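Q: One structure follows; several queries about it will come next.
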Amino acid sequence: QTRRSLQSQPHLRRPAAPTMATAVLPAPAPLTSSVGLLAMLEESETQIKVHALQKLERVVPDFWAEISESLPDIEALYEDEAFPQRRLAALVASKVYYYLGEYADALVFALGAETLFNVDEGSEYVDTLLAKAIDEYCKQHQQRYEAATGSQEEGGSSTAAEAPIDRRLIDLVDRMVESSLERRAYQMVMGLALEARRTDLIERIILLCDAKPGELEHDASTIKMLEYCFGLFSSAVVPRSFRATLIALLVTIYRGLPAPEYLGLARCLAQAGDAAGVAAILSQLIESESAEARLAAFQISFDLVDNCTQAFLKLVAERTKAKPPPP
């Protein structure tokens, strides 16, 4: 009877003993200093040094001032060919230099960190160093382009053009480019390709828009991107010395399309001053028995009148000798 009365009154039952499942461990105390971790860098055991670097990499934003006092030790680990986590040491050094405001040194060690420098991290640290890396990459590629073509744009240096580009810098920018292309962020990569005079990359972006269309209107197809690039390449944004190369590239892509796009091709040929090329297109369209082809010839003609000089129009007219088929 007593047992039944206890069961009917739960508040009188004996509390159950705590089990492993219900036991709550106290939260670890927050780190208040990096001094202990820095002391571990002076230990002789490699694993202890690696453990310290792993912990330090996470707390650099909070204790960079303290960690900066041990930069010589961290850099020594990076320079030690036998140390198994040289890249991790480089990453820690890079972050400390970033918080010190020494961006050039931060980039040097970020390159040393190689793939540990995560281009997709999205932090202010990564974005700042990526911007600096891209600037340096584009500068060196511009110098190479100028040396190869004999053109000297502002600040061009033939001596600098002969120096090889750091392979680590190339790898870093390539990783960023591939990540952006995978996300179909074509506009950003196009800007980089233009600055770096990378015509191979420009062509790749244009052709990718058919296989993997982007979200923006001009990323929707190769044709749309060609139209966008024509407007961009014809503007003052692109140096005159590089413009002819870009227009020639567009002509090559237009001529390789599975379905002809005569208006875009004619615009590029007109921009390049190729009156014979424009006349050949008009002659082909005029001689066609297709009503759509002759309509395209009218469209091209109106576009030429709106955008070309009288001298160029005269040259095109002289070279267009085709006669329309009889009705």
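Labels used: A, B, ... for chains in the order of the structure tokens, numbers from 1 for residues in each chain, and numbers from 1 for ligands as shown.
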Env of region 109-118 of chain A: 10 Å cut, atoms = only C-alpha atoms, seq-sep filter 6 positions within chain, self excluded. Answer as JSON, numbers by chain.

A: {"A": [75, 78, 79, 85, 86, 87, 88, 89, 90, 91, 92, 93, 94, 95, 97, 98, 103, 126, 129, 130, 133, 166, 167, 168, 169, 170, 171, 172, 175, 176]}

Q: So that I can check the surroundings of region 233-236 of chain A, please list as a list in words every protein, DNA and RNA residue that reaches within 8 Å of it, counting only C-alpha atoms and ignoring chain neighbours fewer than 4 positions away.

A: Cys229, Arg240, Arg243, Leu246, Ile247 and Gln271 of chain A

Q: Can you tell me which residues surround region 292-301 of chain A at a distance of at most 7 Å, considering only C-alpha atoms, apart from same-chain residues fewer than 6 positions away, and format the answer as a list in words?

A: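 The filter keeps Leu263, Leu282, Leu285 and Ile286 of chain A.
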
Q: Just the residues within 12 Å of Val60 (chain A), please, counting only C-alpha atoms, with nothing from its chain fewer than 4 positions along; format it as an MDAnalysis selection string.

A: chainID A and resid 31 33:34 37:38 52:56 64:68 71 91:100 125

Q: Can I get the selection written as an mmCIF file, in the first residue's frame, with C-alpha atoms?

A:
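What ended up in result_25.cif:
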data_model
loop_
_atom_site.group_PDB
_atom_site.id
_atom_site.type_symbol
_atom_site.label_atom_id
_atom_site.label_comp_id
_atom_site.auth_asym_id
_atom_site.auth_seq_id
_atom_site.Cartn_x
_atom_site.Cartn_y
_atom_site.Cartn_z
ATOM 1 C CA LEU A 31 41.170 31.496 -23.950
ATOM 2 C CA SER A 33 45.963 34.719 -23.831
ATOM 3 C CA SER A 34 48.057 32.997 -26.470
ATOM 4 C CA LEU A 37 50.435 28.325 -27.137
ATOM 5 C CA LEU A 38 53.417 30.434 -28.137
ATOM 6 C CA ALA A 52 50.213 24.990 -31.212
ATOM 7 C CA LEU A 53 50.037 26.270 -34.803
ATOM 8 C CA GLN A 54 46.599 24.718 -35.293
ATOM 9 C CA LYS A 55 45.319 26.487 -32.190
ATOM 10 C CA LEU A 56 47.060 29.777 -33.029
ATOM 11 C CA TRP A 64 47.526 38.863 -33.230
ATOM 12 C CA ALA A 65 49.428 41.477 -31.198
ATOM 13 C CA GLU A 66 50.782 38.806 -28.833
ATOM 14 C CA ILE A 67 51.480 36.368 -31.669
ATOM 15 C CA SER A 68 53.395 39.015 -33.621
ATOM 16 C CA LEU A 71 56.757 35.867 -35.784
ATOM 17 C CA LEU A 91 49.122 30.748 -43.023
ATOM 18 C CA VAL A 92 49.530 31.842 -39.388
ATOM 19 C CA ALA A 93 52.286 34.295 -40.362
ATOM 20 C CA SER A 94 50.143 35.638 -43.214
ATOM 21 C CA LYS A 95 47.197 36.340 -40.921
ATOM 22 C CA VAL A 96 49.384 38.078 -38.346
ATOM 23 C CA TYR A 97 50.955 40.318 -41.008
ATOM 24 C CA TYR A 98 47.459 41.090 -42.305
ATOM 25 C CA TYR A 99 46.341 42.357 -38.893
ATOM 26 C CA LEU A 100 49.588 44.319 -38.618
ATOM 27 C CA TYR A 125 41.320 38.725 -44.738
#

Q: Which parts of region 79-163 of chain A does DSSP call helix (DSSP H, G or I) when run on the backbone here, written out as a PyMOL selection string?

A: chain A and resi 79+86-99+103-116+124-149+158-162

Q: Go ahead and write the selection's residues with C-alpha atoms as a CSV table (one decimal), in the first residue's frame.

A:
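Once everything was written out, this is part.csv:
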chain,number,residue,atom,x,y,z
A,79,GLU,CA,61.5,28.0,-43.7
A,86,ARG,CA,55.3,24.5,-43.2
A,87,ARG,CA,52.1,25.7,-45.0
A,88,LEU,CA,50.3,26.0,-41.8
A,89,ALA,CA,53.1,28.1,-40.3
A,90,ALA,CA,52.9,30.3,-43.5
A,91,LEU,CA,49.1,30.7,-43.0
A,92,VAL,CA,49.5,31.8,-39.4
A,93,ALA,CA,52.3,34.3,-40.4
A,94,SER,CA,50.1,35.6,-43.2
A,95,LYS,CA,47.2,36.3,-40.9
A,96,VAL,CA,49.4,38.1,-38.3
A,97,TYR,CA,51.0,40.3,-41.0
A,98,TYR,CA,47.5,41.1,-42.3
A,99,TYR,CA,46.3,42.4,-38.9
A,103,TYR,CA,49.7,43.4,-46.8
A,104,ALA,CA,52.7,42.7,-49.0
A,105,ASP,CA,54.2,40.4,-46.4
A,106,ALA,CA,50.8,38.9,-45.7
A,107,LEU,CA,50.4,38.0,-49.4
A,108,VAL,CA,54.0,36.5,-49.5
A,109,PHE,CA,53.1,34.1,-46.7
A,110,ALA,CA,49.6,33.4,-48.1
A,111,LEU,CA,51.3,32.2,-51.3
A,112,GLY,CA,53.5,30.0,-49.1
A,113,ALA,CA,50.4,28.5,-47.5
A,114,GLU,CA,49.3,27.3,-50.9
A,115,THR,CA,45.9,25.4,-50.7
A,116,LEU,CA,45.5,26.2,-47.0
A,124,GLU,CA,37.8,40.2,-45.1
A,125,TYR,CA,41.3,38.7,-44.7
A,126,VAL,CA,40.9,36.5,-47.8
A,127,ASP,CA,39.1,39.1,-49.9
A,128,THR,CA,41.8,41.7,-49.2
A,129,LEU,CA,44.7,39.4,-50.1
A,130,LEU,CA,42.9,38.1,-53.2
A,131,ALA,CA,42.4,41.7,-54.5
A,132,LYS,CA,46.1,42.3,-53.9
A,133,ALA,CA,47.1,39.0,-55.6
A,134,ILE,CA,44.9,39.8,-58.6
A,135,ASP,CA,46.4,43.3,-59.0
A,136,GLU,CA,49.9,41.8,-59.0
A,137,TYR,CA,48.9,39.0,-61.3
A,138,CYS,CA,47.3,41.4,-63.8
A,139,LYS,CA,50.3,43.8,-63.6
A,140,GLN,CA,52.8,41.1,-64.5
A,141,HIS,CA,50.6,39.7,-67.3
A,142,GLN,CA,50.2,43.2,-68.8
A,143,GLN,CA,53.9,43.6,-68.8
A,144,ARG,CA,54.4,40.3,-70.6
A,145,TYR,CA,51.7,41.2,-73.2
A,146,GLU,CA,53.3,44.5,-73.9
A,147,ALA,CA,56.7,42.9,-74.3
A,148,ALA,CA,55.3,40.3,-76.7
A,149,THR,CA,53.4,42.8,-78.8
A,158,SER,CA,60.6,45.6,-70.4
A,159,THR,CA,62.8,44.5,-67.6
A,160,ALA,CA,59.9,43.5,-65.4
A,161,ALA,CA,58.3,41.7,-68.4
A,162,GLU,CA,61.3,39.3,-68.6

Q: Leaving out Pro84 (chain A) and any residue of its chain fewer than 3 positions from it, which residues lie within 9 Å of it when counting only C-alpha atoms, given as JSON, numbers by chain?

A: {"A": [46, 50, 80, 81, 87]}

Q: Using Å and a single decimal, report how far CA of Leu207 (chain A) sits from CA of Asp219 (chain A).

A: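 Result for CA of Asp219 (chain A) versus CA of Leu207 (chain A): 10.2 Å, one decimal.
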
Q: What is the CA of Gly277 (chain A) to CA of Leu265 (chain A) distance in Å?

A: 9.3 Å

Q: Can you pull out the residues contacting Asp200 (chain A)? Cut-off 12 Å, using only C-alpha atoms, and skip same-chain residues under 6 positions away; I want them as a PyMOL selection string.

A: chain A and resi 190+193-194+206-207+245-246+249-250+253

Q: Include C-alpha atoms and write out the residues we just selected as a PDB file, in the first residue's frame.

A:
ATOM      1  CA  MET A 190      35.921  38.628 -67.452  1.00  0.00           C
ATOM      2  CA  ALA A 193      40.879  38.387 -67.979  1.00  0.00           C
ATOM      3  CA  LEU A 194      40.737  41.844 -69.575  1.00  0.00           C
ATOM      4  CA  ILE A 206      32.266  33.354 -73.844  1.00  0.00           C
ATOM      5  CA  LEU A 207      31.922  29.714 -74.905  1.00  0.00           C
ATOM      6  CA  THR A 245      43.216  41.819 -80.602  1.00  0.00           C
ATOM      7  CA  LEU A 246      39.894  41.482 -78.788  1.00  0.00           C
ATOM      8  CA  LEU A 249      38.988  37.215 -81.180  1.00  0.00           C
ATOM      9  CA  LEU A 250      35.259  37.972 -81.422  1.00  0.00           C
ATOM     10  CA  ILE A 253      34.335  33.050 -82.273  1.00  0.00           C
TER      11      ILE A 253
END

Q: Name the residues in contact with region 309-323 of chain A at a cut-off of 6 Å, using only C-alpha atoms, excluding same-chain residues fewer than 2 positions from it; report them as a ChimeraX atom specification.

A: /A:275,279,283

Q: Go ahead and compute the interatomic distance for CA of Ala244 (chain A) and CA of Ala211 (chain A), in Å to one decimal.

A: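 For CA of Ala244 (chain A) relative to CA of Ala211 (chain A), the distance reads 27.1 Å.
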
Q: Looking at only C-alpha atoms, which of A:Val119, A:Ala276, A:Ala248, A:Val305 is the one that sits closest to Ser180 (chain A)?

A: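 Of A:Val119, A:Ala276, A:Ala248, A:Val305, the one nearest Ser180 (chain A), counting only C-alpha atoms, is A:Val119.
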